[in-house]
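Enquirer: Structure in structure tokens, see below.
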Amino acid sequence: MTDVKILDIQSNIDSHIDWPSLMDKEVELTGMVQNIRLPKWGAFIILRLSNYNIQTVVENGKINIDPATIPVESTIRIKGTVRQSQIKDLAIFPRNAEIQVNHIDILSVPSLPALPLDTTKKDIEAGLDTKFTLRPLTLRHPKQRAIFKISATIFNEFGNFLTQNGFTRICSPKIVFSGAEGGANIFKLEYFDRNAYLAQSPQFYKQMMVGAFGRVFETGPVFRAEKHDTSRHLNEYVSMDIEMALQNGYEELIQVETNALKYIFDKVASDCANEVALLGIEMPVIDKIYTFRFNDIKQIIFDKYGKDYRGEKDLCPEEEALISQYVKETYNSDLVFITHYPTIKRPFYAMPDPANPDETLSFDCLFRGLEITTGGERLYKYDDYVTNMKKRGMNVDLFQSYLQTFQYGMPPHGGLGIGLERVTAQLCGLSNVKEASLFPRDINRLEP
RNA sequence: GAUGAUGUAGCGCAGCUGGUUAGCGCAUCGGCCUGUCAAGCCGGGGGUCGCGGGUUCAAGUCCCGUCUUCAUCGCCA
């Protein structure tokens, strides 16, 4: 007599299936009905499994139920035999195998008489608002799944690459005492009997951790209370952050980022080959790094396209598009780094260029016309922080828990942040970053 | 917040200078089709044209107000 139930630790939890080795063998699978096509003699049921859709074939009279009565999005368990096949549909994988079904159990069916939109076609015919409102349904579409499979791969391989290169993953708090940059664009919340904020960046914490590990990275959500309303902004997004001690200045950061992106894109190409094909993605080729100084590229854009932004202290969206166009046409590169941003546009921790304090040793990375990264060298001496913050009219006392880092001594260091949704959107050719977010948060949308 | 669009069936859309009973595709329902390729063929049902006023013999269509969504900009990743 005992109350304990003991489970076998050896049970197989891997859902990957080696189809060639199963040819002509009996299998049992549970999945959801992605689509069902009904010729007179039976049915092709496209079954959605954890990572792909497989084709199953049913012949009338040979199984226990009429396949025509199974609604799309039902969950079914099938028993059948793996057969050779030749399938043209890119949304189905594997395309050289199918399952000849001999038994079906229906585990659940949708409770609605009809689904609110059709997910069985090549594309979802719906506007952005409808897509997001019906997110639990729209995310079941193969092309939507492909976007987030690729996004997950970018996220994972960013971590893998950095881990392999001596970086330590950190998880900094998202509930913070004050906004990283001290701006007003942060979400306020109640923290017991006082106020706290949602972190707009892991900036302070990743710098603190450079003192401990030298090289750190973090992948996690950040929150921006800005009332921006554009196709490239979210109020909550996933930031992929790096911070590291530097031996060769900001160019070392550019090299680390480029190598990380190259590694990530190679992994996407190999591990997400089906998704890349389904979405028709042309993968970027990265073999050299192209950098331009902020002032120089403005001159080039003026000379080349006649657009004069030379007086502006930042890059506007049209300029970013033109710069990417120029670099693509001239060097066939999808990536470009713009360095030496004006000090006035950078935060207090940015390191001014010793040769010209009006410029910083910082950079942005543009990918196919959109800014995906900001990074740069940081101040690393306590006195420099105090001087610079006072010059900017900041209250040094409020930042003491952060500034202690520099009192204890810090190496020259720098870092960068990459927007996951932006990289995903640009890679997948999405016209709005919100489409690269599972459940986007913008000025109007808080659910689902 | 500014500017410009937008709102017609569950979804995506058409609907001309105002004029019969508001259409098309998908979905849905019924029937047909011997291997489909995000199927194909035939038929049925489904709409207070965002909301509120106004002009007119007559408004989806014109005017005013209001809300929604989308795009662009500011800011940023």
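Chain labels follow the order of the structure tokens: the first chain is A, the next B, and so on; residue numbering restarts at 1 in every chain, and ligands are counted from 1 in their shown order.
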I'd like a table as a Markdown table: residues in chain A with an atom no more than 6 Å from chain B, each row giving the shortest atom pair and its distance in Å to one decimal, only C-alpha atoms (C1' of nucleotides) counted, sorted by chain and rising residue number.

Expert:
```
| residue | atom | partner | partner_atom | distance |
| --- | --- | --- | --- | --- |
| A:Lys40 | CA | B:C33 | C1' | 5.8 |
| A:Trp41 | CA | B:U34 | C1' | 5.9 |
| A:Lys88 | CA | B:C37 | C1' | 5.4 |
| A:Asp89 | CA | B:C37 | C1' | 5.1 |
| A:Pro116 | CA | B:G10 | C1' | 4.9 |
| A:Leu117 | CA | B:C11 | C1' | 4.9 |
| A:Asp118 | CA | B:A27 | C1' | 5.9 |
| A:Thr120 | CA | B:A38 | C1' | 5.7 |
| A:Lys121 | CA | B:A38 | C1' | 4.1 |
| A:Lys122 | CA | B:A38 | C1' | 4.2 |
| A:Glu125 | CA | B:G12 | C1' | 5.4 |
| A:Ile372 | CA | B:A77 | C1' | 5.6 |
| A:Thr373 | CA | B:A77 | C1' | 5.9 |
| A:Ile418 | CA | B:A77 | C1' | 5.9 |
| A:Gly419 | CA | B:A77 | C1' | 4.4 |
```

Enquirer: Restricting it to all heavy atoms, dump the selection as a compact mmCIF listing (two decimals), in the first residue's frame.

Expert:
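Listing of part.txt after writing:
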```txt
# COMPACT_ATOMS: atom_id res chain seq x y z
N LYS A 40 -14.25 12.54 -53.91
CA LYS A 40 -15.36 11.63 -53.64
C LYS A 40 -14.94 10.38 -52.86
O LYS A 40 -15.66 9.88 -52.02
CB LYS A 40 -16.00 11.19 -54.95
CG LYS A 40 -17.19 10.26 -54.72
CD LYS A 40 -17.97 10.01 -55.97
CE LYS A 40 -19.25 9.26 -55.61
NZ LYS A 40 -20.10 9.05 -56.78
N TRP A 41 -13.76 9.91 -53.17
CA TRP A 41 -13.34 8.61 -52.63
C TRP A 41 -12.87 8.67 -51.18
O TRP A 41 -12.56 7.64 -50.58
CB TRP A 41 -12.24 8.01 -53.51
CG TRP A 41 -11.12 8.98 -53.75
CD1 TRP A 41 -11.02 9.84 -54.80
CD2 TRP A 41 -9.99 9.22 -52.93
NE1 TRP A 41 -9.90 10.62 -54.70
CE2 TRP A 41 -9.23 10.24 -53.56
CE3 TRP A 41 -9.52 8.67 -51.73
CZ2 TRP A 41 -8.05 10.72 -53.01
CZ3 TRP A 41 -8.33 9.16 -51.20
CH2 TRP A 41 -7.61 10.18 -51.85
N LYS A 88 3.24 18.74 -53.29
CA LYS A 88 3.72 20.02 -53.83
C LYS A 88 3.53 21.17 -52.83
O LYS A 88 4.23 22.17 -52.90
CB LYS A 88 2.95 20.38 -55.11
CG LYS A 88 3.14 19.37 -56.23
CD LYS A 88 2.12 19.65 -57.33
CE LYS A 88 2.06 18.47 -58.31
NZ LYS A 88 0.81 18.49 -59.11
N ASP A 89 2.59 21.02 -51.95
CA ASP A 89 2.22 22.09 -51.02
C ASP A 89 3.37 22.42 -50.06
O ASP A 89 3.77 21.60 -49.24
CB ASP A 89 0.98 21.63 -50.24
CG ASP A 89 0.38 22.73 -49.40
OD1 ASP A 89 1.09 23.72 -49.14
OD2 ASP A 89 -0.78 22.57 -49.00
N PRO A 116 -14.18 32.29 -37.29
CA PRO A 116 -14.36 33.68 -37.71
C PRO A 116 -13.55 34.07 -38.94
O PRO A 116 -13.83 35.09 -39.56
CB PRO A 116 -13.95 34.50 -36.49
CG PRO A 116 -13.15 33.56 -35.66
CD PRO A 116 -13.65 32.18 -35.94
N LEU A 117 -12.54 33.31 -39.28
CA LEU A 117 -11.90 33.52 -40.58
C LEU A 117 -11.26 32.23 -41.05
O LEU A 117 -11.12 31.27 -40.29
CB LEU A 117 -10.93 34.70 -40.58
CG LEU A 117 -9.80 34.78 -39.56
CD1 LEU A 117 -8.68 33.83 -39.92
CD2 LEU A 117 -9.26 36.20 -39.53
N ASP A 118 -10.90 32.24 -42.30
CA ASP A 118 -10.43 31.03 -42.97
C ASP A 118 -8.93 30.89 -42.83
O ASP A 118 -8.17 31.70 -43.36
CB ASP A 118 -10.83 31.11 -44.44
CG ASP A 118 -10.49 29.84 -45.18
OD1 ASP A 118 -10.07 28.87 -44.54
OD2 ASP A 118 -10.66 29.82 -46.42
N THR A 120 -7.35 28.10 -43.81
CA THR A 120 -6.92 26.97 -44.64
C THR A 120 -6.28 27.42 -45.95
O THR A 120 -5.82 26.59 -46.71
CB THR A 120 -8.11 26.06 -44.99
OG1 THR A 120 -8.97 26.75 -45.89
CG2 THR A 120 -8.88 25.65 -43.75
N LYS A 121 -6.27 28.73 -46.21
CA LYS A 121 -5.76 29.20 -47.49
C LYS A 121 -4.29 29.60 -47.39
O LYS A 121 -3.69 29.62 -46.33
CB LYS A 121 -6.61 30.38 -47.96
CG LYS A 121 -8.04 30.00 -48.28
CD LYS A 121 -8.10 29.02 -49.44
CE LYS A 121 -9.52 28.71 -49.85
NZ LYS A 121 -10.24 27.85 -48.88
N LYS A 122 -3.76 29.96 -48.55
CA LYS A 122 -2.34 30.27 -48.65
C LYS A 122 -1.96 31.43 -47.72
O LYS A 122 -0.89 31.44 -47.12
CB LYS A 122 -2.01 30.64 -50.09
CG LYS A 122 -0.55 30.72 -50.40
CD LYS A 122 -0.35 30.77 -51.92
CE LYS A 122 1.12 30.64 -52.27
NZ LYS A 122 1.32 30.51 -53.72
N GLU A 125 -6.62 36.16 -45.07
CA GLU A 125 -7.20 37.39 -45.64
C GLU A 125 -7.86 38.16 -44.51
O GLU A 125 -9.04 37.97 -44.22
CB GLU A 125 -8.23 37.03 -46.72
CG GLU A 125 -7.66 36.21 -47.84
CD GLU A 125 -7.53 37.00 -49.14
OE1 GLU A 125 -8.39 37.85 -49.37
OE2 GLU A 125 -6.57 36.76 -49.89
N ILE A 372 17.89 48.45 -36.34
CA ILE A 372 17.64 47.29 -35.47
C ILE A 372 18.49 47.34 -34.21
O ILE A 372 18.24 46.60 -33.26
CB ILE A 372 17.89 45.94 -36.18
CG1 ILE A 372 19.32 45.84 -36.71
CG2 ILE A 372 16.89 45.74 -37.31
CD1 ILE A 372 19.74 44.42 -37.09
N THR A 373 19.50 48.20 -34.19
CA THR A 373 20.44 48.22 -33.06
C THR A 373 20.91 49.63 -32.75
O THR A 373 21.13 50.43 -33.66
CB THR A 373 21.70 47.40 -33.41
OG1 THR A 373 21.35 46.05 -33.58
CG2 THR A 373 22.76 47.51 -32.31
N ILE A 418 19.52 44.83 -29.55
CA ILE A 418 18.90 44.51 -30.85
C ILE A 418 17.43 44.22 -30.60
O ILE A 418 17.07 43.48 -29.70
CB ILE A 418 19.55 43.26 -31.48
CG1 ILE A 418 21.06 43.43 -31.60
CG2 ILE A 418 18.92 42.96 -32.84
CD1 ILE A 418 21.79 42.18 -32.11
N GLY A 419 16.57 44.81 -31.42
CA GLY A 419 15.14 44.55 -31.30
C GLY A 419 14.75 43.27 -32.03
O GLY A 419 14.85 43.22 -33.26
```

Enquirer: Run DSSP on the backbone and tell me which residues of stretch 89-268 of chain A come out as strand (DSSP E or B); list them as a PyMOL selection string.

Expert: chain A and resi 97-108+168-169+175-176+188-191+194-198+215-223+236-245

Enquirer: Identify, on the basis of only C-alpha atoms (C1' of nucleotides), every residue whose closest approach to B:C49 does not exceed 12 Å; exclude the query and any residue fewer than 4 positions from it along the same chain; express the result as a count of residues only.

Expert: 8

Enquirer: Quick one: residues within 12 Å of A:Ala196, only C-alpha atoms (C1' of nucleotides), excluding same-chain residues fewer than 4 positions away - as a list in words?

Expert: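 Near neighbours after the sequence-gap exclusion: Pro173, Lys174, Ile175, Val176, Phe177, Ser178, Gly179, Ile186, Phe187, Lys188, Leu189, Glu190, Tyr191 and Phe192 of chain A.
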
Enquirer: Excluding A:Gly417 and residues on its chain fewer than 5 positions from it, collect all residues at most 9 Å away from it, counting only C-alpha atoms (C1' of nucleotides), and give them as a list in words.

Expert: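 After dropping sequence-adjacent residues, the list is Ser201, Ser239, Met240, Asp241, Ile242, Glu243, Ile372, Thr373, Thr374 and Gly375 of chain A; A77 of chain B.
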
Enquirer: Those residues you just picked out, can you put them in a file as a short mmCIF file (atom, residue, chain, number, x, y, z; two decimals), in the first residue's frame with all heavy atoms?

Expert:
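Result file is part09.cif:
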```cif
data_model
loop_
_atom_site.label_atom_id
_atom_site.label_comp_id
_atom_site.auth_asym_id
_atom_site.auth_seq_id
_atom_site.Cartn_x
_atom_site.Cartn_y
_atom_site.Cartn_z
N SER A 201 14.88 49.21 -20.28
CA SER A 201 16.14 48.68 -20.81
C SER A 201 16.87 48.00 -19.66
O SER A 201 16.73 48.41 -18.51
CB SER A 201 16.99 49.83 -21.35
OG SER A 201 18.35 49.45 -21.43
N SER A 239 14.14 42.69 -26.24
CA SER A 239 15.45 43.26 -26.51
C SER A 239 16.52 42.21 -26.32
O SER A 239 16.51 41.46 -25.34
CB SER A 239 15.69 44.44 -25.55
OG SER A 239 16.93 45.06 -25.84
N MET A 240 17.41 42.14 -27.29
CA MET A 240 18.56 41.22 -27.18
C MET A 240 19.78 42.09 -26.90
O MET A 240 20.25 42.81 -27.78
CB MET A 240 18.71 40.41 -28.47
CG MET A 240 17.43 39.63 -28.81
SD MET A 240 17.64 38.40 -30.12
CE MET A 240 17.94 39.45 -31.53
N ASP A 241 20.24 42.04 -25.67
CA ASP A 241 21.25 42.97 -25.18
C ASP A 241 22.60 42.32 -24.96
O ASP A 241 22.68 41.18 -24.51
CB ASP A 241 20.78 43.59 -23.86
CG ASP A 241 19.95 44.85 -24.08
OD1 ASP A 241 20.56 45.94 -24.20
OD2 ASP A 241 18.73 44.72 -24.16
N ILE A 242 23.63 43.09 -25.25
CA ILE A 242 25.01 42.66 -25.00
C ILE A 242 25.70 43.77 -24.23
O ILE A 242 25.45 44.95 -24.48
CB ILE A 242 25.78 42.44 -26.33
CG1 ILE A 242 25.20 41.24 -27.10
CG2 ILE A 242 27.28 42.26 -26.08
CD1 ILE A 242 25.82 41.06 -28.48
N GLU A 243 26.57 43.40 -23.28
CA GLU A 243 27.45 44.39 -22.65
C GLU A 243 28.77 43.67 -22.37
O GLU A 243 28.77 42.53 -21.88
CB GLU A 243 26.84 44.94 -21.36
CG GLU A 243 27.45 46.25 -20.88
CD GLU A 243 27.05 47.49 -21.72
OE1 GLU A 243 26.06 47.43 -22.47
OE2 GLU A 243 27.76 48.51 -21.61
N ILE A 372 17.89 48.45 -36.34
CA ILE A 372 17.64 47.29 -35.47
C ILE A 372 18.49 47.34 -34.21
O ILE A 372 18.24 46.60 -33.26
CB ILE A 372 17.89 45.94 -36.18
CG1 ILE A 372 19.32 45.84 -36.71
CG2 ILE A 372 16.89 45.74 -37.31
CD1 ILE A 372 19.74 44.42 -37.09
N THR A 373 19.50 48.20 -34.19
CA THR A 373 20.44 48.22 -33.06
C THR A 373 20.91 49.63 -32.75
O THR A 373 21.13 50.43 -33.66
CB THR A 373 21.70 47.40 -33.41
OG1 THR A 373 21.35 46.05 -33.58
CG2 THR A 373 22.76 47.51 -32.31
N THR A 374 21.05 49.89 -31.45
CA THR A 374 21.85 51.02 -31.01
C THR A 374 22.89 50.48 -30.04
O THR A 374 22.59 49.62 -29.21
CB THR A 374 20.99 52.09 -30.30
OG1 THR A 374 20.12 52.66 -31.26
CG2 THR A 374 21.86 53.18 -29.71
N GLY A 375 24.11 50.98 -30.16
CA GLY A 375 25.15 50.52 -29.26
C GLY A 375 26.27 51.53 -29.16
O GLY A 375 26.24 52.56 -29.84
P A B 77 17.13 52.88 -28.66
OP1 A B 77 17.72 52.67 -27.33
OP2 A B 77 17.91 53.56 -29.69
"O5'" A B 77 16.66 51.48 -29.24
"C5'" A B 77 17.49 50.35 -29.04
"C4'" A B 77 17.10 49.23 -29.98
"O4'" A B 77 15.74 48.82 -29.71
"C3'" A B 77 17.17 49.60 -31.45
"O3'" A B 77 17.63 48.53 -32.21
"C2'" A B 77 15.73 49.92 -31.79
"O2'" A B 77 15.43 49.63 -33.13
"C1'" A B 77 14.97 48.97 -30.87
N9 A B 77 13.67 49.52 -30.46
C8 A B 77 13.45 50.67 -29.77
N7 A B 77 12.19 50.91 -29.52
C5 A B 77 11.53 49.83 -30.08
C6 A B 77 10.18 49.50 -30.16
N6 A B 77 9.22 50.26 -29.64
N1 A B 77 9.85 48.36 -30.80
C2 A B 77 10.82 47.60 -31.31
N3 A B 77 12.14 47.82 -31.30
C4 A B 77 12.44 48.96 -30.67
#
```

Enquirer: Based on the backbone DSSP call, show me all residues of stretch 106-344 of chain A assigned helix (DSSP H, G or I), as an MDAnalysis selection string.

Expert: chainID A and resid 128:133 135:138 142:164 203:213 250:271 273:279 294:305 317:331 343:344
